[in-house]
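Engineer: Okay, so here is protein_16.tsv, and as you'll see once you scroll down, it has TSV, C-alpha atoms.
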chain	number	residue	atom	x	y	z
A	1	MET	CA	17.25	4.76	81.05
A	2	LYS	CA	13.86	5.96	82.29
A	3	ARG	CA	14.76	9.52	81.34
A	4	SER	CA	15.64	8.41	77.79
A	5	ILE	CA	12.36	6.57	77.48
A	6	ARG	CA	10.52	9.68	78.72
A	7	TYR	CA	12.28	11.84	76.11
A	8	LEU	CA	11.45	9.36	73.39
A	9	CYS	CA	7.78	9.37	74.38
A	10	LEU	CA	7.75	13.18	74.46
A	11	PHE	CA	9.40	13.34	71.03
A	12	ALA	CA	6.86	10.88	69.59
A	13	ALA	CA	3.96	12.88	71.03
A	14	LEU	CA	5.34	16.13	69.57
A	15	SER	CA	5.84	14.42	66.20
A	16	LEU	CA	2.24	13.24	66.20
A	17	GLU	CA	1.02	16.74	67.03
A	18	LEU	CA	3.15	18.24	64.25
A	19	CYS	CA	1.85	15.68	61.74
A	20	ALA	CA	-1.73	16.37	62.80
A	21	ALA	CA	-1.15	20.13	62.52
A	22	ARG	CA	0.40	19.70	59.07
A	23	SER	CA	-2.51	17.50	57.98
A	24	TRP	CA	-5.00	20.08	59.26
A	25	ALA	CA	-3.11	22.87	57.48
A	26	ASP	CA	-3.13	20.93	54.21
A	27	GLU	CA	-6.86	20.32	54.64
A	28	ALA	CA	-7.43	24.01	55.36
A	29	ASP	CA	-5.39	24.98	52.30
A	30	SER	CA	-7.42	22.55	50.21
A	31	THR	CA	-10.65	24.01	51.59
A	32	GLN	CA	-9.47	27.54	50.84
A	33	ALA	CA	-8.44	26.55	47.31
A	34	LYS	CA	-11.83	24.95	46.68
A	35	ALA	CA	-13.59	28.03	48.02
A	36	LYS	CA	-11.46	30.28	45.80
A	37	LEU	CA	-12.15	28.07	42.79
A	38	ALA	CA	-15.90	28.17	43.48
A	39	GLU	CA	-15.72	31.97	43.77
A	40	VAL	CA	-13.85	32.35	40.49
A	41	ARG	CA	-16.21	29.92	38.75
A	42	GLY	CA	-19.07	32.10	39.96
A	43	ARG	CA	-17.39	35.19	38.55
A	44	ILE	CA	-16.86	33.50	35.18
A	45	ALA	CA	-20.47	32.26	35.19
A	46	ALA	CA	-21.64	35.82	35.90
A	47	LEU	CA	-19.43	37.06	33.06
A	48	THR	CA	-20.93	34.45	30.70
A	49	ASN	CA	-24.48	35.35	31.72
A	50	ARG	CA	-23.74	39.04	31.26
A	51	LEU	CA	-22.43	38.43	27.74
A	52	GLY	CA	-25.53	36.41	26.90
A	53	GLY	CA	-27.82	39.07	28.34
A	54	GLU	CA	-26.08	41.86	26.45
A	55	LEU	CA	-26.37	39.85	23.24
A	56	LYS	CA	-30.13	39.40	23.72
A	57	LEU	CA	-30.61	43.11	24.24
A	58	ARG	CA	-28.38	44.12	21.34
A	59	ASP	CA	-28.89	41.47	18.67
A	60	ALA	CA	-31.91	39.19	18.69
A	61	LEU	CA	-30.77	37.20	15.65
A	62	ASN	CA	-27.35	36.38	17.11
A	63	ALA	CA	-29.03	35.52	20.39
A	64	ARG	CA	-31.18	33.08	18.43
A	65	LEU	CA	-28.02	31.66	16.82
A	66	ARG	CA	-26.43	31.25	20.26
A	67	GLU	CA	-29.47	29.35	21.52
A	68	ALA	CA	-29.39	27.08	18.47
A	69	ASP	CA	-25.69	26.34	18.98
A	70	LEU	CA	-26.21	25.57	22.68
A	71	ASN	CA	-29.10	23.25	21.81
A	72	ILE	CA	-26.83	21.43	19.36
A	73	THR	CA	-24.04	20.94	21.89
A	74	ALA	CA	-26.50	19.66	24.53
A	75	THR	CA	-27.99	17.22	22.01
A	76	ARG	CA	-24.55	16.09	20.86
A	77	GLN	CA	-23.52	15.45	24.45
A	78	ARG	CA	-26.60	13.29	25.05
A	79	LEU	CA	-26.03	11.51	21.74
A	80	ASP	CA	-22.39	10.81	22.60
A	81	ARG	CA	-23.42	9.39	25.98
A	82	LEU	CA	-25.97	7.13	24.27
A	83	ARG	CA	-23.40	5.97	21.74
A	84	GLY	CA	-20.99	5.22	24.56
A	85	ALA	CA	-23.66	3.22	26.37
A	86	GLN	CA	-24.42	1.36	23.14
A	87	ALA	CA	-20.76	0.49	22.63
A	88	ALA	CA	-20.50	-0.72	26.24
A	89	ALA	CA	-23.65	-2.84	25.83
A	90	GLU	CA	-22.30	-4.33	22.59
A	91	ARG	CA	-19.03	-5.20	24.31
A	92	ARG	CA	-20.94	-6.78	27.20
A	93	ARG	CA	-23.08	-8.80	24.82
A	94	GLY	CA	-19.94	-10.03	23.06
A	95	GLU	CA	-18.37	-11.00	26.39
A	96	LEU	CA	-21.53	-12.86	27.41
A	97	ARG	CA	-21.67	-14.71	24.11
A	98	ALA	CA	-18.01	-15.72	24.44
A	99	GLU	CA	-18.65	-16.91	27.98
A	100	GLU	CA	-21.75	-18.78	26.80
A	101	THR	CA	-19.65	-20.54	24.14
A	102	ARG	CA	-17.04	-21.53	26.72
A	103	ALA	CA	-19.71	-22.75	29.13
A	104	GLN	CA	-21.48	-24.70	26.38
A	105	ASN	CA	-18.20	-26.31	25.29
A	106	ALA	CA	-17.43	-27.29	28.88
A	107	LEU	CA	-20.97	-28.65	29.22
A	108	ASP	CA	-20.59	-30.73	26.06
A	109	ALA	CA	-17.26	-32.07	27.31
A	110	GLN	CA	-18.79	-33.06	30.66
A	111	ARG	CA	-21.65	-34.78	28.88
A	112	ALA	CA	-19.22	-36.68	26.65
A	113	VAL	CA	-17.27	-37.93	29.67
A	114	LEU	CA	-20.49	-38.96	31.41
A	115	ALA	CA	-21.70	-40.73	28.27
A	116	SER	CA	-18.49	-42.77	28.10
A	117	GLN	CA	-18.89	-43.73	31.74
A	118	VAL	CA	-22.51	-44.76	31.17
A	119	ARG	CA	-21.49	-46.87	28.18
A	120	ALA	CA	-18.79	-48.59	30.24
A	121	ALA	CA	-21.30	-49.29	33.01
A	122	TYR	CA	-23.74	-50.69	30.50
A	123	MET	CA	-21.09	-53.00	29.08
A	124	ILE	CA	-20.41	-54.34	32.57
A	125	GLY	CA	-24.07	-54.61	33.41
A	126	GLN	CA	-26.67	-52.58	35.24
A	127	GLN	CA	-25.83	-54.27	38.55
A	128	GLU	CA	-22.09	-54.41	37.99
A	129	ARG	CA	-21.18	-54.21	41.69
A	130	ILE	CA	-23.33	-57.22	42.75
A	131	LYS	CA	-22.26	-59.21	39.69
A	132	LEU	CA	-18.63	-58.52	40.52
A	133	LEU	CA	-19.03	-59.75	44.11
A	134	LEU	CA	-20.70	-62.97	42.96
A	135	ASN	CA	-18.02	-63.74	40.38
A	136	GLN	CA	-14.99	-63.04	42.58
A	137	SER	CA	-13.39	-65.93	44.44
A	138	ASP	CA	-10.73	-63.75	46.12
A	139	PRO	CA	-12.30	-61.62	48.93
A	140	ALA	CA	-9.40	-59.12	48.86
A	141	SER	CA	-9.71	-58.61	45.12
A	142	ALA	CA	-13.46	-58.31	45.46
A	143	GLY	CA	-13.00	-55.57	48.08
A	144	ARG	CA	-10.63	-53.61	45.87
A	145	MET	CA	-12.95	-53.89	42.90
A	146	SER	CA	-15.90	-52.83	45.04
A	147	ALA	CA	-14.01	-49.74	46.19
A	148	PHE	CA	-13.10	-48.99	42.57
A	149	TYR	CA	-16.71	-49.12	41.48
A	150	GLY	CA	-17.64	-46.89	44.42
A	151	TYR	CA	-15.20	-44.27	43.14
A	152	PHE	CA	-16.60	-44.80	39.66
A	153	ALA	CA	-20.16	-44.18	40.86
A	154	ARG	CA	-19.18	-41.05	42.82
A	155	GLU	CA	-17.35	-39.72	39.76
A	156	ARG	CA	-20.47	-40.17	37.67
A	157	SER	CA	-22.56	-38.42	40.33
A	158	GLN	CA	-20.07	-35.52	40.40
A	159	ARG	CA	-20.18	-35.26	36.61
A	160	ILE	CA	-23.97	-35.13	36.69
A	161	GLY	CA	-23.82	-32.32	39.28
A	162	GLU	CA	-21.30	-30.36	37.22
A	163	ILE	CA	-23.43	-30.79	34.09
A	164	SER	CA	-26.44	-29.46	35.97
A	165	GLU	CA	-24.47	-26.41	37.19
A	166	ARG	CA	-23.10	-25.75	33.71
A	167	ALA	CA	-26.56	-25.99	32.18
A	168	ASP	CA	-27.88	-23.50	34.77
A	169	ARG	CA	-24.98	-21.13	33.95
A	170	VAL	CA	-25.70	-21.37	30.23
A	171	ARG	CA	-29.37	-20.55	30.85
A	172	GLN	CA	-28.35	-17.54	33.00
A	173	LEU	CA	-26.00	-16.30	30.26
A	174	VAL	CA	-28.73	-16.63	27.64
A	175	ASP	CA	-31.07	-14.60	29.89
A	176	GLN	CA	-28.40	-11.91	30.35
A	177	ILE	CA	-27.79	-11.78	26.60
A	178	ASP	CA	-31.53	-11.33	26.02
A	179	GLN	CA	-31.65	-8.52	28.60
A	180	THR	CA	-28.63	-6.82	27.00
A	181	ALA	CA	-30.24	-7.11	23.59
A	182	GLU	CA	-33.39	-5.42	24.93
A	183	LYS	CA	-31.26	-2.67	26.45
A	184	LEU	CA	-29.47	-2.21	23.14
A	185	GLN	CA	-32.78	-1.97	21.32
A	186	ALA	CA	-33.96	0.75	23.73
A	187	LEU	CA	-30.65	2.61	23.36
A	188	GLN	CA	-30.89	2.43	19.58
A	189	LEU	CA	-34.40	3.89	19.75
A	190	ASP	CA	-33.20	6.71	22.03
A	191	THR	CA	-30.27	7.34	19.69
A	192	THR	CA	-32.62	7.59	16.72
A	193	HIS	CA	-34.69	10.19	18.58
A	194	GLU	CA	-31.57	12.16	19.55
A	195	MET	CA	-30.37	12.07	15.95
A	196	ALA	CA	-33.71	13.53	14.84
A	197	ASP	CA	-33.45	16.23	17.53
A	198	LEU	CA	-29.89	17.00	16.42
A	199	GLN	CA	-31.01	17.36	12.82
A	200	ARG	CA	-33.80	19.76	13.87
A	201	ALA	CA	-31.33	21.77	15.97
A	202	ARG	CA	-28.94	22.00	13.02
A	203	GLU	CA	-31.76	23.16	10.76
A	204	GLU	CA	-32.68	25.81	13.32
A	205	ARG	CA	-29.05	26.94	13.42
A	206	ALA	CA	-28.92	27.13	9.63
A	207	ALA	CA	-32.10	29.22	9.62
A	208	ALA	CA	-30.70	31.55	12.29
A	209	LEU	CA	-27.43	31.90	10.38
A	210	ALA	CA	-29.32	32.67	7.17
A	211	ALA	CA	-31.34	35.30	9.03
A	212	VAL	CA	-28.16	36.96	10.28
A	213	ALA	CA	-26.71	36.90	6.75
A	214	THR	CA	-29.92	38.46	5.39
A	215	GLN	CA	-29.78	41.23	7.96
A	216	VAL	CA	-26.23	42.08	6.88
A	217	ASN	CA	-27.15	43.18	3.37
A	218	ASN	CA	-24.32	45.59	2.58
A	219	GLY	CA	-20.60	46.03	3.17
A	220	ASN	CA	-20.94	48.65	5.92
A	221	GLN	CA	-23.24	46.45	7.97
A	222	GLU	CA	-20.92	43.45	7.56
A	223	LEU	CA	-17.95	45.53	8.62
A	224	SER	CA	-19.89	46.72	11.67
A	225	LEU	CA	-20.70	43.09	12.52
A	226	LEU	CA	-17.02	42.08	12.21
A	227	LYS	CA	-15.98	44.92	14.49
A	228	ARG	CA	-18.56	43.89	17.09
A	229	GLU	CA	-17.27	40.31	16.94
A	230	GLU	CA	-13.68	41.49	17.41
A	231	GLN	CA	-14.73	43.73	20.29
A	232	ALA	CA	-16.62	40.87	21.94
A	233	GLU	CA	-13.52	38.66	21.86
A	234	GLU	CA	-11.18	41.38	23.10
A	235	SER	CA	-13.58	42.25	25.93
A	236	LEU	CA	-13.83	38.58	26.95
A	237	VAL	CA	-10.06	38.11	26.92
A	238	ALA	CA	-9.56	41.26	28.99
A	239	ASP	CA	-12.15	40.15	31.56
A	240	LEU	CA	-10.66	36.67	31.75
A	241	ALA	CA	-7.13	38.08	32.16
A	242	ARG	CA	-8.35	39.91	35.25
A	243	VAL	CA	-10.18	36.86	36.58
A	244	LEU	CA	-7.18	34.60	35.99
A	245	GLN	CA	-5.15	36.54	38.52
A	246	ASP	CA	-7.14	34.68	41.18
A	247	PHE	CA	-7.58	31.41	39.24
A	248	PRO	CA	-5.32	28.54	40.41
A	249	ILE	CA	-3.93	27.22	37.11
A	250	ASP	CA	-0.21	26.91	37.84
A	251	THR	CA	0.55	23.38	36.64
A	252	GLN	CA	4.31	23.61	37.32
A	253	GLN	CA	4.62	22.88	33.59
A	254	SER	CA	5.99	25.88	31.70
A	255	PHE	CA	4.07	26.79	28.56
A	256	GLU	CA	6.80	29.10	27.26
A	257	GLY	CA	9.17	26.23	26.53
A	258	LEU	CA	6.79	24.74	23.97
A	259	ARG	CA	7.49	27.23	21.19
A	260	GLY	CA	7.69	25.23	17.96
A	261	ARG	CA	6.78	21.97	19.74
A	262	LEU	CA	3.08	22.40	20.58
A	263	PRO	CA	0.87	19.57	19.20
A	264	TRP	CA	-1.92	20.55	16.80
A	265	PRO	CA	-5.37	20.48	18.44
A	266	VAL	CA	-6.76	18.67	15.36
A	267	GLN	CA	-5.20	17.00	12.34
A	268	GLY	CA	-5.70	19.10	9.22
A	269	ARG	CA	-4.39	21.99	7.16
A	270	MET	CA	-4.24	25.69	7.91
A	271	THR	CA	-6.69	27.55	5.68
A	272	ALA	CA	-6.43	31.03	7.27
A	273	ARG	CA	-3.31	32.38	8.93
A	274	TYR	CA	-2.53	34.71	11.80
A	275	GLN	CA	-2.93	38.42	11.00
A	276	GLU	CA	-4.50	37.59	7.65
A	277	ILE	CA	-7.05	40.23	6.61
A	278	ARG	CA	-10.53	38.93	7.24
A	279	ALA	CA	-12.92	38.36	4.38
A	280	ASN	CA	-14.92	41.46	3.34
A	281	ALA	CA	-12.81	43.62	5.65
A	282	ALA	CA	-9.99	44.71	3.35
A	283	SER	CA	-10.88	48.41	3.61
A	284	SER	CA	-10.85	48.37	7.40
A	285	GLY	CA	-7.73	46.23	7.78
A	286	LEU	CA	-9.37	43.91	10.32
A	287	ARG	CA	-7.05	40.95	10.80
A	288	ARG	CA	-7.36	37.52	12.38
A	289	ASN	CA	-5.90	36.97	15.83
A	290	GLY	CA	-5.72	33.22	15.23
A	291	VAL	CA	-5.78	30.56	12.52
A	292	LEU	CA	-8.37	28.30	10.92
A	293	ILE	CA	-7.56	24.58	10.66
A	294	GLU	CA	-9.67	22.56	8.22
A	295	THR	CA	-10.17	18.99	9.37
A	296	THR	CA	-12.41	15.96	8.94
A	297	ARG	CA	-16.10	15.85	9.89
A	298	GLY	CA	-16.67	14.86	13.50
A	299	ALA	CA	-13.02	15.47	14.44
A	300	LYS	CA	-12.22	15.58	18.16
A	301	VAL	CA	-10.38	18.63	19.47
A	302	ARG	CA	-7.60	17.70	21.91
A	303	ALA	CA	-5.82	19.81	24.48
A	304	PRO	CA	-2.21	20.37	23.35
A	305	TYR	CA	-0.90	20.97	26.87
A	306	PHE	CA	-1.65	21.06	30.59
A	307	GLY	CA	-4.05	23.72	31.79
A	308	ARG	CA	-7.46	24.54	33.17
A	309	VAL	CA	-10.67	25.47	31.37
A	310	VAL	CA	-11.56	29.11	32.04
A	311	TYR	CA	-14.38	29.58	29.51
A	312	ALA	CA	-16.80	27.17	27.83
A	313	ASP	CA	-19.75	28.90	26.17
A	314	TRP	CA	-20.88	30.75	23.06
A	315	LEU	CA	-19.27	33.94	21.79
A	316	GLN	CA	-20.38	36.08	18.87
A	317	GLY	CA	-18.20	35.42	15.83
A	318	LEU	CA	-16.59	32.28	17.27
A	319	GLY	CA	-19.67	30.24	18.13
A	320	LEU	CA	-19.09	27.61	20.80
A	321	LEU	CA	-15.77	28.60	22.33
A	322	LEU	CA	-13.53	26.88	24.87
A	323	ILE	CA	-10.57	28.66	26.47
A	324	ILE	CA	-7.81	26.94	28.45
A	325	GLY	CA	-5.60	28.87	30.85
A	326	HIS	CA	-1.98	27.71	31.01
A	327	SER	CA	1.00	28.65	33.16
A	328	ASN	CA	2.75	32.02	32.74
A	329	ASN	CA	-0.57	33.73	31.84
A	330	TYR	CA	-0.94	31.98	28.49
A	331	MET	CA	-4.34	31.06	27.05
A	332	THR	CA	-5.38	28.90	24.09
A	333	LEU	CA	-8.75	29.46	22.39
A	334	TYR	CA	-10.80	26.92	20.39
A	335	GLY	CA	-13.75	28.27	18.40
A	336	HIS	CA	-16.41	27.00	15.95
A	337	ALA	CA	-16.94	23.79	17.95
A	338	GLU	CA	-20.23	21.91	17.81
A	339	VAL	CA	-19.93	20.22	21.20
A	340	LEU	CA	-17.91	21.06	24.32
A	341	TYR	CA	-16.80	18.22	26.61
A	342	LYS	CA	-15.21	20.29	29.39
A	343	SER	CA	-16.56	22.85	31.86
A	344	VAL	CA	-15.04	25.83	33.63
A	345	GLY	CA	-12.57	24.66	36.27
A	346	ASP	CA	-11.77	21.29	34.68
A	347	TRP	CA	-8.09	20.34	34.50
A	348	VAL	CA	-6.85	19.10	31.13
A	349	ALA	CA	-3.73	17.21	30.08
A	350	PRO	CA	-2.12	16.82	26.65
A	351	GLY	CA	-4.33	14.68	24.42
A	352	ASP	CA	-7.56	15.11	26.43
A	353	VAL	CA	-10.65	15.51	24.24
A	354	ILE	CA	-12.07	18.95	24.97
A	355	ALA	CA	-14.49	19.56	22.08
A	356	GLY	CA	-15.90	18.08	18.88
A	357	LEU	CA	-16.56	19.53	15.44
A	358	SER	CA	-19.59	19.03	13.26
A	359	ASP	CA	-20.11	15.55	11.81
A	360	SER	CA	-22.92	16.60	9.45
A	361	ASN	CA	-22.65	16.38	5.67
A	362	GLY	CA	-21.42	19.46	3.86
A	363	ALA	CA	-18.24	21.47	3.89
A	364	ALA	CA	-15.35	20.24	6.02
A	365	PRO	CA	-15.42	21.85	9.48
A	366	GLN	CA	-12.79	24.39	10.47
A	367	LEU	CA	-11.47	24.90	13.99
A	368	TYR	CA	-10.52	28.41	15.04
A	369	PHE	CA	-7.32	28.27	17.13
A	370	GLU	CA	-5.69	31.17	18.92
A	371	ILE	CA	-2.91	31.66	21.48
A	372	ARG	CA	-2.72	34.59	23.87
A	373	ALA	CA	0.21	35.69	26.02
A	374	GLY	CA	-1.81	37.57	28.59
A	375	ARG	CA	-4.07	39.80	26.48
A	376	LYS	CA	-1.72	39.83	23.48
A	377	ALA	CA	-2.42	37.49	20.54
A	378	VAL	CA	0.62	35.60	19.20
A	379	ASP	CA	1.15	33.61	16.00
A	380	PRO	CA	0.06	29.99	16.58
A	381	LYS	CA	2.20	28.79	13.67
A	382	VAL	CA	5.34	29.77	15.60
A	383	TRP	CA	4.22	27.55	18.48
A	384	LEU	CA	2.79	24.55	16.62
A	385	LYS	CA	4.85	21.66	15.35
A	386	ALA	CA	5.84	21.96	11.70
A	387	VAL	CA	3.66	19.03	10.61
A	388	PRO	CA	0.22	18.39	12.18
As structure tokens, how would this structure be written, given the file I've shared?

Structural biologist:
Amino acid sequence: MKRSIRYLCLFAALSLELCAARSWADEADSTQAKAKLAEVRGRIAALTNRLGGELKLRDALNARLREADLNITATRQRLDRLRGAQAAAERRRGELRAEETRAQNALDAQRAVLASQVRAAYMIGQQERIKLLLNQSDPASAGRMSAFYGYFARERSQRIGEISERADRVRQLVDQIDQTAEKLQALQLDTTHEMADLQRAREERAAALAAVATQVNNGNQELSLLKREEQAEESLVADLARVLQDFPIDTQQSFEGLRGRLPWPVQGRMTARYQEIRANAASSGLRRNGVLIETTRGAKVRAPYFGRVVYADWLQGLGLLLIIGHSNNYMTLYGHAEVLYKSVGDWVAPGDVIAGLSDSNGAAPQLYFEIRAGRKAVDPKVWLKAVP
């Protein structure tokens, strides 16, 4: 028996050691994964900075356009946060007002009950207890009635206390509503300022875009610009394909099985198709590697599937661009955004908002959408659902 107990104790101790070792190993693996992720993020950040630096050296006007676009996305992010805070403050004010109404109704009910008790006491007389004792000939009955009036008096006292507490609560709620209203007023003022900043940033972008268009004053120059844009994208995709070899994006969710079933990133209609010859490039045969989807102003771009953000910055020809890495070396690209809501390394799931399009007046915004199998572009229409 003692030997069995000894074996059991030894087995328990070994089990505890194994569990501790497994826990330590998991922690070490997690630490290594985080270190690897930080390293890859650094490499992507260096790649982004290099692209920006090369752009400044090569093309001052496009560098100016990049800066304008980045200013817009930063302003839109601040504006969205302010609008979210405003909505939360409005909800809180509504909740406080509803609670104030409930508290006021309860207070009115308590006052009504107390008023009925006071009226009853008045009908009996201001000194009802003494009057009752003097008029009663039966001592037992007098005792019962005295106890009853004692309960009656304590009930009135309790009602008065509850009314006082309710009144204090109502005053507190009114104070909180006033504070929330002041906060809302400050948020609305900040939002107005951010809207003005956003408008200035958009005007700066329009001026930069006009300057680029002015610089490209003949067909040869425009063709050269289109080729540089295509080269910039191909170079970025090639660099990212190399980086992704060390980037932990395996979601255990196969991307290949989604052919023909992939949700559209925005609701809209396809205005330019895969491999369609680009405008003003008929002689060169330059074709699109993705599609353009026209949608409503201010539309939110949603991730169609699981993955991890591997690029979130500006790229010549595509503007603000977000790239998601998926399993099996697939990538999806989202260009012409006005605001990016995700950063490099962020996990995304189907339906997550990853970017937003312009909500300014004018032509309907168009999202550029592209799918890559490794470095090779594939037709998004084959992968997307038939109806957006």

Engineer: With distances taken over all atoms listed in the file, which of A:Gln77, A:Gln176, A:Asn328, A:Gln316 is nearest to Leu65 (chain A)?

Structural biologist: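 Counting all atoms listed in the file, the residue closest to Leu65 (chain A) is A:Gln316.
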
Engineer: Using all atoms listed in the file, which residues sit within 10 Å of region 330-332 of chain A once same-chain residues fewer than 6 positions away are excluded, as number ranges by chain?

Structural biologist: A: 237, 240-241, 254-256, 290, 303-305, 307-310, 322-324, 369-377, 380

Engineer: Take the point (-22.4, -2.3, 25.0) in the file's coordinates, draw a sphere of radius 12 Å around it, and report as a ChimeraX atom specification every protein, DNA or RNA residue with an atom inside or on it, counting all atoms listed in the file.

Structural biologist: /A:81-96,177,179-185,187-188

Engineer: What box, with edges along x, y and z, holds each listed atom of region 271-277 of chain A when 6 Å is added on every side, and can you state its centre and edge lengths in Å to one decimal, as AutoDock Vina command-line options?

Structural biologist:
--center_x -4.8 --center_y 33.9 --center_z 8.7 --size_x 16.5 --size_y 24.7 --size_z 18.1

Engineer: Using all atoms listed in the file, which of the listed residues (A:Gly317, A:Gly335, A:Pro265, A:Gly325) sits closest to Ala63 (chain A)?

Structural biologist: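 Using all atoms listed in the file, the shortest distance to Ala63 (chain A) belongs to A:Gly317.
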
Engineer: To one decimal place in Å, what is the distance between CA of Tyr341 (chain A) and CA of Arg78 (chain A)?

Structural biologist: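 Spanning CA of Tyr341 (chain A) to CA of Arg78 (chain A) is a straight-line distance of 11.1 Å.
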
Engineer: Please measure the separation of CA of Ala206 (chain A) and CA of Tyr368 (chain A), giving the value in Å to one decimal.

Structural biologist: 19.2 Å

Engineer: Could you work out how far CA of Asn289 (chain A) lies from CA of Thr271 (chain A), giving the answer in Å with one decimal?

Structural biologist: 13.9 Å

Engineer: Which residue gives the smallest distance to Lys342 (chain A) among A:Ala363, A:Ala35, A:Val382, A:Leu320, with only C-alpha atoms counted?

Structural biologist: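 Using only C-alpha atoms, Lys342 (chain A) sits closest to A:Leu320.
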
Engineer: Find the residues with any atom within 12 Å of (-25.4, -21.6, 34.4); use all atoms listed in the file and the coordinates as given in the file, and write the answer as a compact mmCIF listing (two decimals) with C-alpha atoms, keeping the file's coordinate frame.

Structural biologist:
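Result saved to point.txt:
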# COMPACT_ATOMS: atom_id res chain seq x y z
CA LEU A 96 -21.53 -12.86 27.41
CA GLU A 99 -18.65 -16.91 27.98
CA GLU A 100 -21.75 -18.78 26.80
CA THR A 101 -19.65 -20.54 24.14
CA ARG A 102 -17.04 -21.53 26.72
CA ALA A 103 -19.71 -22.75 29.13
CA GLN A 104 -21.48 -24.70 26.38
CA ALA A 106 -17.43 -27.29 28.88
CA LEU A 107 -20.97 -28.65 29.22
CA GLY A 161 -23.82 -32.32 39.28
CA GLU A 162 -21.30 -30.36 37.22
CA ILE A 163 -23.43 -30.79 34.09
CA SER A 164 -26.44 -29.46 35.97
CA GLU A 165 -24.47 -26.41 37.19
CA ARG A 166 -23.10 -25.75 33.71
CA ALA A 167 -26.56 -25.99 32.18
CA ASP A 168 -27.88 -23.50 34.77
CA ARG A 169 -24.98 -21.13 33.95
CA VAL A 170 -25.70 -21.37 30.23
CA ARG A 171 -29.37 -20.55 30.85
CA GLN A 172 -28.35 -17.54 33.00
CA LEU A 173 -26.00 -16.30 30.26
CA VAL A 174 -28.73 -16.63 27.64
CA ASP A 175 -31.07 -14.60 29.89
CA GLN A 176 -28.40 -11.91 30.35

Engineer: With all atoms listed in the file as the counted atoms, please give the residues lying no more than 12 Å from Glu203 (chain A), apart from itself and same-chain residues fewer than 2 positions off, as a PyMOL selection string.

Structural biologist: chain A and resi 65+68-69+71-72+196-201+205-210+360
